[in-house]
Every structure is written in structure tokens, then in C-alpha cells.
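Chemist: To be precise about what I am sending: the file is called input_19.cif and holds mmCIF, C-alpha atoms.
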```cif
data_start
#
loop_
_atom_site.group_PDB
_atom_site.id
_atom_site.type_symbol
_atom_site.label_atom_id
_atom_site.label_comp_id
_atom_site.auth_asym_id
_atom_site.auth_seq_id
_atom_site.Cartn_x
_atom_site.Cartn_y
_atom_site.Cartn_z
ATOM 1 C CA MET A 1 -151.964 -34.398 92.099
ATOM 2 C CA THR A 2 -154.327 -33.817 95.015
ATOM 3 C CA ARG A 3 -153.777 -30.057 94.712
ATOM 4 C CA GLN A 4 -154.679 -30.091 91.023
ATOM 5 C CA ILE A 5 -158.200 -31.510 91.512
ATOM 6 C CA PRO A 6 -159.610 -28.433 93.298
ATOM 7 C CA ARG A 7 -158.195 -26.170 90.570
ATOM 8 C CA ILE A 8 -159.883 -28.230 87.868
ATOM 9 C CA ALA A 9 -163.113 -28.204 89.845
ATOM 10 C CA TRP A 10 -163.008 -24.430 90.157
ATOM 11 C CA LEU A 11 -162.420 -24.105 86.413
ATOM 12 C CA GLN A 12 -165.351 -26.427 85.743
ATOM 13 C CA LEU A 13 -167.555 -24.415 88.092
ATOM 14 C CA ALA A 14 -166.535 -21.208 86.305
ATOM 15 C CA ALA A 15 -167.277 -22.842 82.931
ATOM 16 C CA ASN A 16 -170.680 -23.887 84.255
ATOM 17 C CA VAL A 17 -171.576 -20.360 85.312
ATOM 18 C CA ILE A 18 -170.330 -18.839 82.042
ATOM 19 C CA LEU A 19 -172.042 -21.355 79.759
ATOM 20 C CA PHE A 20 -175.397 -21.201 81.541
ATOM 21 C CA GLY A 21 -175.152 -17.451 82.176
ATOM 22 C CA LEU A 22 -174.701 -16.692 78.487
ATOM 23 C CA SER A 23 -177.481 -19.072 77.496
ATOM 24 C CA TRP A 24 -180.357 -16.779 78.538
ATOM 25 C CA PRO A 25 -179.703 -13.889 76.128
ATOM 26 C CA ILE A 26 -178.739 -16.370 73.417
ATOM 27 C CA ILE A 27 -182.044 -18.217 73.828
ATOM 28 C CA LYS A 28 -183.829 -14.865 73.654
ATOM 29 C CA ILE A 29 -182.103 -14.259 70.311
ATOM 30 C CA GLY A 30 -183.188 -17.705 69.096
ATOM 31 C CA LEU A 31 -186.804 -17.005 70.032
ATOM 32 C CA GLU A 32 -186.800 -14.201 67.453
ATOM 33 C CA ALA A 33 -186.679 -16.925 64.774
ATOM 34 C CA SER A 34 -188.946 -19.554 66.330
ATOM 35 C CA THR A 35 -191.904 -20.176 68.565
ATOM 36 C CA PRO A 36 -191.152 -21.105 72.226
ATOM 37 C CA LEU A 37 -192.185 -24.763 72.294
ATOM 38 C CA TRP A 38 -190.674 -25.608 68.918
ATOM 39 C CA PHE A 39 -187.424 -24.029 70.022
ATOM 40 C CA ALA A 40 -187.524 -26.029 73.275
ATOM 41 C CA ALA A 41 -188.131 -29.274 71.379
ATOM 42 C CA ALA A 42 -185.324 -28.570 68.900
ATOM 43 C CA ARG A 43 -182.984 -27.715 71.770
ATOM 44 C CA ALA A 44 -183.793 -30.981 73.551
ATOM 45 C CA THR A 45 -183.279 -32.944 70.328
ATOM 46 C CA LEU A 46 -179.792 -31.509 69.820
ATOM 47 C CA SER A 47 -178.886 -32.020 73.479
ATOM 48 C CA ALA A 48 -180.057 -35.645 73.447
ATOM 49 C CA THR A 49 -178.052 -36.347 70.281
ATOM 50 C CA THR A 50 -174.939 -34.696 71.723
ATOM 51 C CA ALA A 51 -175.318 -36.553 75.029
ATOM 52 C CA PHE A 52 -175.585 -39.930 73.260
ATOM 53 C CA VAL A 53 -172.482 -39.185 71.164
ATOM 54 C CA LEU A 54 -170.568 -37.962 74.238
ATOM 55 C CA LEU A 55 -171.404 -41.025 76.352
ATOM 56 C CA ALA A 56 -170.671 -43.380 73.445
ATOM 57 C CA CYS A 57 -167.240 -41.783 72.943
ATOM 58 C CA LEU A 58 -166.542 -42.193 76.670
ATOM 59 C CA GLY A 59 -167.643 -45.840 76.513
ATOM 60 C CA ARG A 60 -170.282 -45.166 79.175
ATOM 61 C CA LEU A 61 -173.502 -45.501 77.191
ATOM 62 C CA ALA A 62 -175.706 -47.972 79.035
ATOM 63 C CA TRP A 63 -179.404 -48.751 79.345
ATOM 64 C CA PRO A 64 -180.726 -47.353 82.646
ATOM 65 C CA HIS A 65 -181.252 -49.715 85.568
ATOM 66 C CA ARG A 66 -184.899 -50.365 86.412
ATOM 67 C CA ALA A 67 -184.467 -48.448 89.661
ATOM 68 C CA ASP A 68 -183.277 -45.365 87.735
ATOM 69 C CA TRP A 69 -186.247 -45.085 85.391
ATOM 70 C CA PRO A 70 -188.346 -43.032 87.869
ATOM 71 C CA ILE A 71 -185.612 -40.383 88.058
ATOM 72 C CA VAL A 72 -185.062 -40.528 84.284
ATOM 73 C CA LEU A 73 -188.756 -39.816 83.741
ATOM 74 C CA SER A 74 -188.933 -37.241 86.550
ATOM 75 C CA VAL A 75 -185.946 -35.188 85.390
ATOM 76 C CA GLY A 76 -186.891 -35.595 81.734
ATOM 77 C CA ALA A 77 -190.446 -34.402 82.330
ATOM 78 C CA LEU A 78 -189.966 -31.756 85.032
ATOM 79 C CA GLN A 79 -186.408 -30.375 85.077
ATOM 80 C CA LEU A 80 -186.018 -30.556 81.298
ATOM 81 C CA SER A 81 -189.389 -30.576 79.477
ATOM 82 C CA CYS A 82 -191.301 -28.260 81.803
ATOM 83 C CA PHE A 83 -188.333 -25.991 82.505
ATOM 84 C CA PHE A 84 -187.441 -25.581 78.823
ATOM 85 C CA ALA A 85 -191.062 -24.977 77.806
ATOM 86 C CA PHE A 86 -192.052 -22.670 80.667
ATOM 87 C CA SER A 87 -188.881 -20.583 80.600
ATOM 88 C CA ASN A 88 -189.201 -20.070 76.830
ATOM 89 C CA LEU A 89 -192.861 -19.117 77.146
ATOM 90 C CA GLY A 90 -191.990 -16.648 79.894
ATOM 91 C CA MET A 91 -189.030 -15.166 78.067
ATOM 92 C CA GLN A 92 -191.290 -14.314 75.144
ATOM 93 C CA SER A 93 -192.714 -11.446 77.185
ATOM 94 C CA LEU A 94 -189.930 -10.587 79.651
ATOM 95 C CA PRO A 95 -186.267 -9.552 79.313
ATOM 96 C CA ALA A 96 -183.745 -12.391 79.393
ATOM 97 C CA GLY A 97 -181.888 -11.138 82.473
ATOM 98 C CA ARG A 98 -185.034 -10.760 84.560
ATOM 99 C CA SER A 99 -186.279 -14.141 83.301
ATOM 100 C CA SER A 100 -183.190 -15.926 84.592
ATOM 101 C CA VAL A 101 -183.744 -14.579 88.116
ATOM 102 C CA PHE A 102 -187.350 -15.781 88.220
ATOM 103 C CA ALA A 103 -186.410 -19.218 86.864
ATOM 104 C CA TYR A 104 -183.586 -19.622 89.380
ATOM 105 C CA THR A 105 -186.016 -19.323 92.304
ATOM 106 C CA ALA A 106 -186.153 -23.139 92.222
ATOM 107 C CA MET A 107 -184.169 -23.442 95.465
ATOM 108 C CA LEU A 108 -186.775 -21.310 97.253
ATOM 109 C CA TRP A 109 -189.584 -23.697 96.273
ATOM 110 C CA VAL A 110 -187.504 -26.659 97.492
ATOM 111 C CA VAL A 111 -188.172 -25.576 101.101
ATOM 112 C CA PRO A 112 -191.993 -25.946 101.138
ATOM 113 C CA LEU A 113 -191.714 -29.079 98.998
ATOM 114 C CA SER A 114 -189.260 -30.557 101.524
ATOM 115 C CA LEU A 115 -191.740 -29.858 104.308
ATOM 116 C CA MET A 116 -194.453 -31.638 102.314
ATOM 117 C CA VAL A 117 -192.360 -34.837 102.054
ATOM 118 C CA GLY A 118 -191.542 -34.792 105.767
ATOM 119 C CA GLU A 119 -188.005 -33.402 105.676
ATOM 120 C CA LYS A 120 -186.737 -31.206 108.491
ATOM 121 C CA VAL A 121 -186.442 -27.536 107.547
ATOM 122 C CA GLY A 122 -184.686 -24.968 109.742
ATOM 123 C CA TRP A 123 -185.955 -21.492 110.515
ATOM 124 C CA ARG A 124 -183.096 -19.986 108.499
ATOM 125 C CA ALA A 125 -184.394 -21.712 105.364
ATOM 126 C CA VAL A 126 -187.871 -20.292 106.010
ATOM 127 C CA ALA A 127 -186.337 -16.834 106.499
ATOM 128 C CA GLY A 128 -184.436 -17.286 103.218
ATOM 129 C CA VAL A 129 -187.657 -18.135 101.393
ATOM 130 C CA LEU A 130 -189.388 -15.054 102.804
ATOM 131 C CA LEU A 131 -186.435 -12.881 101.758
ATOM 132 C CA GLY A 132 -186.514 -14.407 98.286
ATOM 133 C CA LEU A 133 -190.268 -13.821 98.012
ATOM 134 C CA ALA A 134 -189.704 -10.191 98.961
ATOM 135 C CA GLY A 135 -187.205 -10.017 96.091
ATOM 136 C CA ILE A 136 -189.806 -11.453 93.688
ATOM 137 C CA VAL A 137 -192.280 -8.772 94.765
ATOM 138 C CA VAL A 138 -189.669 -6.074 94.131
ATOM 139 C CA LEU A 139 -188.917 -7.547 90.699
ATOM 140 C CA VAL A 140 -192.596 -7.631 89.771
ATOM 141 C CA GLU A 141 -193.099 -3.976 90.846
ATOM 142 C CA PRO A 142 -196.804 -4.480 91.701
ATOM 143 C CA LEU A 143 -197.542 -0.751 92.015
ATOM 144 C CA ARG A 144 -196.263 -0.059 88.492
ATOM 145 C CA PHE A 145 -197.331 -3.394 86.999
ATOM 146 C CA ASP A 146 -199.736 -3.327 84.049
ATOM 147 C CA TRP A 147 -202.313 -5.795 85.335
ATOM 148 C CA ASN A 148 -204.210 -5.527 82.035
ATOM 149 C CA ASP A 149 -201.308 -6.935 80.010
ATOM 150 C CA ARG A 150 -202.011 -10.652 80.053
ATOM 151 C CA ALA A 151 -198.796 -11.477 78.163
ATOM 152 C CA ILE A 152 -196.677 -9.910 80.921
ATOM 153 C CA ILE A 153 -198.736 -11.582 83.661
ATOM 154 C CA TRP A 154 -198.385 -14.988 82.051
ATOM 155 C CA GLY A 155 -194.700 -14.353 81.412
ATOM 156 C CA HIS A 156 -194.117 -14.078 85.162
ATOM 157 C CA VAL A 157 -196.345 -17.103 85.856
ATOM 158 C CA TRP A 158 -194.512 -19.292 83.324
ATOM 159 C CA LEU A 159 -191.095 -18.414 84.751
ATOM 160 C CA LEU A 160 -192.157 -19.082 88.344
ATOM 161 C CA LEU A 161 -193.646 -22.397 87.197
ATOM 162 C CA ALA A 162 -190.313 -23.202 85.535
ATOM 163 C CA GLY A 163 -188.571 -22.737 88.882
ATOM 164 C CA PHE A 164 -191.262 -24.725 90.699
ATOM 165 C CA THR A 165 -191.085 -27.765 88.394
ATOM 166 C CA TRP A 166 -187.289 -27.695 88.624
ATOM 167 C CA ALA A 167 -187.638 -27.688 92.426
ATOM 168 C CA ILE A 168 -189.802 -30.832 92.335
ATOM 169 C CA ALA A 169 -187.068 -32.562 90.348
ATOM 170 C CA ILE A 170 -184.416 -31.350 92.825
ATOM 171 C CA VAL A 171 -186.299 -32.928 95.745
ATOM 172 C CA HIS A 172 -186.662 -36.194 93.819
ATOM 173 C CA ILE A 173 -182.995 -36.197 92.766
ATOM 174 C CA ARG A 174 -181.887 -35.707 96.374
ATOM 175 C CA ARG A 175 -184.023 -38.612 97.624
ATOM 176 C CA HIS A 176 -183.242 -41.004 94.764
ATOM 177 C CA ARG A 177 -180.728 -43.847 95.152
ATOM 178 C CA TRP A 178 -178.771 -43.790 91.935
ATOM 179 C CA LYS A 179 -177.540 -46.848 90.066
ATOM 180 C CA LEU A 180 -176.315 -44.880 87.035
ATOM 181 C CA THR A 181 -174.444 -41.610 87.566
ATOM 182 C CA PRO A 182 -176.347 -38.409 86.720
ATOM 183 C CA LEU A 183 -174.140 -37.991 83.633
ATOM 184 C CA ASP A 184 -174.888 -41.530 82.413
ATOM 185 C CA ALA A 185 -178.616 -40.857 82.802
ATOM 186 C CA LEU A 186 -178.450 -37.599 80.835
ATOM 187 C CA PRO A 187 -179.061 -38.920 77.275
ATOM 188 C CA TRP A 188 -182.096 -40.880 78.423
ATOM 189 C CA GLN A 189 -183.494 -37.915 80.335
ATOM 190 C CA MET A 190 -182.956 -35.693 77.301
ATOM 191 C CA SER A 191 -184.694 -38.310 75.136
ATOM 192 C CA VAL A 192 -187.745 -38.214 77.404
ATOM 193 C CA ALA A 193 -187.712 -34.413 77.151
ATOM 194 C CA THR A 194 -187.384 -34.563 73.356
ATOM 195 C CA VAL A 195 -190.430 -36.803 72.941
ATOM 196 C CA LEU A 196 -192.589 -34.844 75.410
ATOM 197 C CA LEU A 197 -191.636 -31.456 73.998
ATOM 198 C CA TRP A 198 -192.319 -32.415 70.388
ATOM 199 C CA VAL A 199 -195.727 -33.808 71.374
ATOM 200 C CA LEU A 200 -196.454 -30.628 73.347
ATOM 201 C CA ALA A 201 -195.225 -28.387 70.521
ATOM 202 C CA LEU A 202 -197.390 -30.108 67.914
ATOM 203 C CA ILE A 203 -200.479 -29.962 70.149
ATOM 204 C CA ALA A 204 -200.100 -26.529 71.775
ATOM 205 C CA GLU A 205 -198.384 -24.758 68.852
ATOM 206 C CA PRO A 206 -199.793 -26.386 65.697
ATOM 207 C CA ALA A 207 -198.808 -23.284 63.745
ATOM 208 C CA GLY A 208 -195.400 -23.115 65.418
ATOM 209 C CA HIS A 209 -192.226 -22.860 63.409
ATOM 210 C CA LEU A 210 -188.452 -22.813 63.245
ATOM 211 C CA GLU A 211 -187.104 -20.307 60.726
ATOM 212 C CA LEU A 212 -184.320 -22.530 59.430
ATOM 213 C CA ASP A 213 -182.979 -19.828 57.127
ATOM 214 C CA ARG A 214 -182.210 -17.500 60.065
ATOM 215 C CA LYS A 215 -178.661 -17.518 61.429
ATOM 216 C CA GLU A 216 -179.979 -16.379 64.829
ATOM 217 C CA LEU A 217 -181.823 -19.679 65.192
ATOM 218 C CA TRP A 218 -178.819 -21.842 64.363
ATOM 219 C CA MET A 219 -176.438 -19.814 66.519
ATOM 220 C CA SER A 220 -178.791 -20.149 69.451
ATOM 221 C CA LEU A 221 -179.648 -23.816 68.947
ATOM 222 C CA LEU A 222 -176.075 -24.952 68.392
ATOM 223 C CA TYR A 223 -174.855 -23.031 71.422
ATOM 224 C CA ILE A 224 -177.520 -24.101 73.904
ATOM 225 C CA GLY A 225 -178.464 -27.478 72.426
ATOM 226 C CA ALA A 226 -175.202 -28.964 71.223
ATOM 227 C CA PHE A 227 -172.642 -27.125 73.348
ATOM 228 C CA ALA A 228 -173.641 -25.295 76.521
ATOM 229 C CA GLY A 229 -176.343 -27.680 77.731
ATOM 230 C CA PRO A 230 -174.503 -31.026 77.525
ATOM 231 C CA ILE A 231 -171.015 -29.658 78.286
ATOM 232 C CA ALA A 232 -172.160 -27.591 81.260
ATOM 233 C CA THR A 233 -174.104 -30.564 82.616
ATOM 234 C CA TRP A 234 -170.991 -32.721 82.327
ATOM 235 C CA ALA A 235 -169.024 -30.030 84.165
ATOM 236 C CA ALA A 236 -171.720 -29.828 86.835
ATOM 237 C CA VAL A 237 -171.440 -33.559 87.534
ATOM 238 C CA SER A 238 -167.664 -33.248 87.890
ATOM 239 C CA VAL A 239 -168.015 -30.225 90.183
ATOM 240 C CA GLY A 240 -170.489 -32.120 92.326
ATOM 241 C CA ARG A 241 -167.942 -34.846 92.877
ATOM 242 C CA ALA A 242 -164.936 -32.607 93.517
ATOM 243 C CA LEU A 243 -166.425 -29.791 95.616
ATOM 244 C CA PRO A 244 -168.761 -29.777 98.634
ATOM 245 C CA PRO A 245 -172.401 -29.388 97.508
ATOM 246 C CA VAL A 246 -172.785 -26.035 99.269
ATOM 247 C CA VAL A 247 -169.794 -24.608 97.366
ATOM 248 C CA GLY A 248 -171.138 -25.707 93.999
ATOM 249 C CA SER A 249 -174.634 -24.450 94.792
ATOM 250 C CA MET A 250 -173.380 -21.064 95.965
ATOM 251 C CA GLY A 251 -171.156 -20.772 92.908
ATOM 252 C CA MET A 252 -174.115 -21.356 90.595
ATOM 253 C CA LEU A 253 -175.757 -18.214 91.973
ATOM 254 C CA GLY A 254 -173.453 -16.431 89.559
ATOM 255 C CA VAL A 255 -175.612 -17.666 86.650
ATOM 256 C CA PRO A 256 -178.450 -15.111 86.977
ATOM 257 C CA LEU A 257 -175.907 -12.354 87.649
ATOM 258 C CA LEU A 258 -174.002 -13.182 84.472
ATOM 259 C CA SER A 259 -177.301 -13.547 82.606
ATOM 260 C CA ILE A 260 -178.219 -9.984 83.533
ATOM 261 C CA ALA A 261 -174.770 -8.662 82.594
ATOM 262 C CA SER A 262 -174.638 -10.545 79.274
ATOM 263 C CA SER A 263 -178.189 -9.440 78.434
ATOM 264 C CA VAL A 264 -177.075 -5.837 78.857
ATOM 265 C CA VAL A 265 -174.159 -6.403 76.463
ATOM 266 C CA LEU A 266 -175.823 -8.666 73.884
ATOM 267 C CA LEU A 267 -179.402 -7.370 73.934
ATOM 268 C CA GLY A 268 -179.091 -3.821 75.217
ATOM 269 C CA GLU A 269 -181.251 -4.513 78.273
ATOM 270 C CA THR A 270 -181.080 -2.011 81.117
ATOM 271 C CA ILE A 271 -180.435 -2.606 84.814
ATOM 272 C CA THR A 272 -183.137 -0.820 86.782
ATOM 273 C CA ALA A 273 -183.231 -0.259 90.537
ATOM 274 C CA PRO A 274 -186.029 -2.848 91.058
ATOM 275 C CA LEU A 275 -184.061 -5.394 89.018
ATOM 276 C CA ALA A 276 -180.879 -4.808 91.033
ATOM 277 C CA ILE A 277 -182.589 -4.772 94.452
ATOM 278 C CA GLY A 278 -184.954 -7.663 93.660
ATOM 279 C CA THR A 279 -182.137 -9.812 92.294
ATOM 280 C CA ALA A 280 -180.003 -9.109 95.370
ATOM 281 C CA LEU A 281 -182.864 -10.157 97.675
ATOM 282 C CA VAL A 282 -183.637 -13.321 95.694
ATOM 283 C CA ILE A 283 -179.980 -14.392 95.578
ATOM 284 C CA ALA A 284 -179.509 -13.605 99.288
ATOM 285 C CA GLY A 285 -182.587 -15.675 100.091
ATOM 286 C CA ILE A 286 -181.368 -18.606 98.003
ATOM 287 C CA ALA A 287 -177.921 -18.385 99.606
ATOM 288 C CA ILE A 288 -179.481 -18.588 103.085
ATOM 289 C CA VAL A 289 -181.526 -21.616 102.021
ATOM 290 C CA ILE A 290 -178.434 -23.338 100.589
ATOM 291 C CA LEU A 291 -176.427 -22.721 103.757
ATOM 292 C CA ASP A 292 -179.257 -24.001 105.943
ATOM 293 C CA ARG A 293 -179.801 -27.134 103.808
ATOM 294 C CA SER A 294 -176.077 -27.875 103.859
ATOM 295 C CA ARG A 295 -176.377 -28.627 107.557
ATOM 296 C CA ASP A 296 -178.670 -31.604 106.925
#
```
What do you get writing this file as C-alpha cells?
Modeler:
Amino acid sequence: MTRQIPRIAWLQLAANVILFGLSWPIIKIGLEASTPLWFAAARATLSATTAFVLLACLGRLAWPHRADWPIVLSVGALQLSCFFAFSNLGMQSLPAGRSSVFAYTAMLWVVPLSLMVGEKVGWRAVAGVLLGLAGIVVLVEPLRFDWNDRAIIWGHVWLLLAGFTWAIAIVHIRRHRWKLTPLDALPWQMSVATVLLWVLALIAEPAGHLELDRKELWMSLLYIGAFAGPIATWAAVSVGRALPPVVGSMGMLGVPLLSIASSVVLLGETITAPLAIGTALVIAGIAIVILDRSRD
């Protein structure tokens, strides 16, 4: 029995990478039939509904402890609301594969944020951040960049902000003393995201829309909102319990790689030299940061 647990954990980790890796090109397809913030709000609504049903079926649906409400609000607002909104806004102007790499720079931003809250950070983590930043520069291609195209500029800004807000949530999650498990908190966090995203969508995109007669929209929403998001999150919680944190974190670096590969297959995107080199530098930098943080 003890030998079976690691195998299950590895399968769950693989499922995590596959589900999240495929989500980027599928979201890009969904954005062809919707506006970014309306799609984000609809996605959160489906995920919240699925999470409530899942927890109710498991007999684990419970009102959050008072001490858990700060993390419910933090994750709901930053890791979910901001990440969903910013990544969708960015992906409007950039390819899905490239977008996933920028968004997954969250671990790089964790290092300066950790310094700001007084945590000890090793020189290897700083070196990893610098390597990752070099990768971002390569991805942006500043010498060939069209600095007059505001949509492309803002696309990069939105995706980096998505990673940054996710990083703030990561720091808070690491310092929080949980009463509920992360899985038990999920429906409440998704509910916070649902409310915030619908308010944001109605204010920032008053003419926004969801083309309900388009199959691309429903395929995308059902996959990411009702299937990949909640199921992959459940798998991530299980992986976190069964495998050392560094193993799970390193394994998740496969997400942007699979996103690039699946975007080539599903969307016909091309892998350029800057994309390949920049992605390699970013992932190497994140890996160094993860290994350094695992020593804490």
C-alpha cells in the first residue's frame, strides 16, 4: 500500500500538468467568442458551482473558519480574480504558448516579495530571478518589438501582472495557518472570484459579451471552468500531500512547455528561437528559485 501512494501522486501530478497545459490554447479559442473579463467571470462561475458540488458529494462542504477568511479573500481576489482577468486580457494580444510562460513567472516575483516581508532569501534565488528576467527580455525581443503597438505592450504588461498577483497570493498562502484544507476553501475562494469578476466585467466591459451560440465558447468554458480548473486543483492538493513540495513545484514547470506544444497543435502557433531560448531561461530561473526555497 505504501508503494502505491507515490504512483498515484505521480499520476495526479501528470494530470495536473496536462489539464493546465491544455487550458491555455483552449482559453484562447474561447476568447474568440467572448470578451476577456466576461469569459473570466463565466469561468469562475462554473468553477465555483463545480467546487460546491464536488465538496458536497465528498461531505466536506463547510463554512470557513474565521481565521481562514483572510486567505479566502486573498486567493479569491489575487490568485483567481486578478490572474483570470489579467491573463485573459494579455492573451487577447499574444499567442497562448507565449502567454503561459509570462504568467508562470509568478515564482520569480515571490523572491522580492519574500524579501519585503522579512524572509531570508539565498543568493541562488536572486541568481534564478536574474536568469528568469533575462529570459523575459529574450521573449519580449526589445530590438524587434513594435513599441507603437499599444495592444502588444499592454498584453505583456497584463501577463506579467497576472504572475505578480499570483506571487502575492503564494507568499500569503505560505505564511497562513490553515484551519480548512486548501481544497475545502476552494468553493469559497471561487465564489469571491465570481462576484469580483462579474462586478469588474460589468464596469470595465459594459459592452462585453458571451456568444452563447458558439460551440467554441462552450467547449472552452466547460473544459476550463467545470473540468480542468476544479479537478486539477483537487489533484494539486493531493500531490502537495503525497510528494515533497520541491518535486511538485518542479513538475509543474511542465505546464508552460505543454502549453507551447499544445498551442502549436491546436492553434498552429510557431516555435521561434526567441520563444525557445526565452522559455528555457525563464524555466531554468524558476527551477533555481524553487530549489533554493526548498532549503528553507
Chemist: Would you kindly translate the PyMOL selection byres ((chain A and resi 94-101) around 10) into the concrete residues it picks from this file, as a ChimeraX atom specification?
Modeler: /A:20-29,87-93,102-106,135-136,139-140,151-156,158-160,163,253,255-264,267,269-271,275-276,278-280,282-283
Chemist: Given the file shown, determine the residues that the PyMOL selection byres ((chain A and resi 15) around 12) selects; report them as an MDAnalysis selection string.
Modeler: chainID A and resid 8:14 16:22 227:229 231:236 238:239 251:252 254:255 258
Chemist: What lies within 9 Å of segment 53-63 of chain A using all atoms listed in the file, ignoring chain neighbours under 2 positions off, as a PDB file with C-alpha atoms, keeping the file's coordinate frame?
Modeler:
```
ATOM      1  CA  ALA A  48    -180.057 -35.645  73.447  1.00  0.00           C
ATOM      2  CA  THR A  49    -178.052 -36.347  70.281  1.00  0.00           C
ATOM      3  CA  THR A  50    -174.939 -34.696  71.723  1.00  0.00           C
ATOM      4  CA  ALA A  51    -175.318 -36.553  75.029  1.00  0.00           C
ATOM      5  CA  HIS A  65    -181.252 -49.715  85.568  1.00  0.00           C
ATOM      6  CA  LEU A 180    -176.315 -44.880  87.035  1.00  0.00           C
ATOM      7  CA  LEU A 183    -174.140 -37.991  83.633  1.00  0.00           C
ATOM      8  CA  ASP A 184    -174.888 -41.530  82.413  1.00  0.00           C
ATOM      9  CA  ALA A 185    -178.616 -40.857  82.802  1.00  0.00           C
ATOM     10  CA  PRO A 187    -179.061 -38.920  77.275  1.00  0.00           C
ATOM     11  CA  TRP A 188    -182.096 -40.880  78.423  1.00  0.00           C
ATOM     12  CA  PRO A 230    -174.503 -31.026  77.525  1.00  0.00           C
TER      13      PRO A 230
END
```
Chemist: I would like the residues chosen by the PyMOL selection byres ((chain A and resi 200) around 12) on the shown file; could you give them as a JSON list (two decimals) with C-alpha atoms, in the coordinates of the input?
Modeler:
```json
[["chain", "number", "residue", "atom", "x", "y", "z"],
["A", 36, "PRO", "CA", -191.15, -21.10, 72.23],
["A", 37, "LEU", "CA", -192.18, -24.76, 72.29],
["A", 38, "TRP", "CA", -190.67, -25.61, 68.92],
["A", 39, "PHE", "CA", -187.42, -24.03, 70.02],
["A", 40, "ALA", "CA", -187.52, -26.03, 73.28],
["A", 41, "ALA", "CA", -188.13, -29.27, 71.38],
["A", 77, "ALA", "CA", -190.45, -34.40, 82.33],
["A", 81, "SER", "CA", -189.39, -30.58, 79.48],
["A", 82, "CYS", "CA", -191.30, -28.26, 81.80],
["A", 84, "PHE", "CA", -187.44, -25.58, 78.82],
["A", 85, "ALA", "CA", -191.06, -24.98, 77.81],
["A", 86, "PHE", "CA", -192.05, -22.67, 80.67],
["A", 193, "ALA", "CA", -187.71, -34.41, 77.15],
["A", 194, "THR", "CA", -187.38, -34.56, 73.36],
["A", 195, "VAL", "CA", -190.43, -36.80, 72.94],
["A", 196, "LEU", "CA", -192.59, -34.84, 75.41],
["A", 197, "LEU", "CA", -191.64, -31.46, 74.00],
["A", 198, "TRP", "CA", -192.32, -32.42, 70.39],
["A", 199, "VAL", "CA", -195.73, -33.81, 71.37],
["A", 201, "ALA", "CA", -195.22, -28.39, 70.52],
["A", 202, "LEU", "CA", -197.39, -30.11, 67.91],
["A", 203, "ILE", "CA", -200.48, -29.96, 70.15],
["A", 204, "ALA", "CA", -200.10, -26.53, 71.78],
["A", 205, "GLU", "CA", -198.38, -24.76, 68.85],
["A", 206, "PRO", "CA", -199.79, -26.39, 65.70],
["A", 208, "GLY", "CA", -195.40, -23.12, 65.42]]
```
Chemist: My list of candidates is A:Gly268, A:Leu186, A:Val126, A:Phe52. Which is closest to Met107 of chain A when distances are computed with only C-alpha atoms?
Modeler: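 When distances to Met107 of chain A are compared using only C-alpha atoms, the smallest one comes from A:Val126.
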Chemist: Give me the residues within 8 Å of Val111 of chain A as a PyMOL selection string, counting all atoms listed in the file and dropping any in the same chain fewer than 3 places off.
Modeler: chain A and resi 107-108+114-115+121+125-126+129+289
Chemist: Could you work out how far atom CA of Val192 of chain A lies from atom CA of Leu212 of chain A, giving the answer in Å with one decimal?
Modeler: 24.1 Å
Chemist: Using Å and a single decimal, report how far atom CA of Ala134 of chain A sits from atom CA of Asp146 of chain A.
Modeler: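 So the two atoms, atom CA of Asp146 of chain A and atom CA of Ala134 of chain A, lie 19.2 Å apart.
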Chemist: Separation of atom CA of Ser47 of chain A and atom CA of Ala226 of chain A, in Å?
Modeler: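 About the pair atom CA of Ser47 of chain A and atom CA of Ala226 of chain A: they are 5.3 Å apart.
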Chemist: Hey, which of A:Leu266, A:Val117, A:Val157, A:Val75 ends up closest to Ala169 of chain A? Count all atoms listed in the file.
Modeler: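 Smallest distance to Ala169 of chain A is found for A:Val75.
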Chemist: Considering only C-alpha atoms, can you say which of A:Leu143, A:Val72, A:Thr165, A:Phe83 comes closest to Met190 of chain A?
Modeler: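 Between A:Leu143, A:Val72, A:Thr165, A:Phe83, the residue approaching Met190 of chain A most closely is A:Val72.
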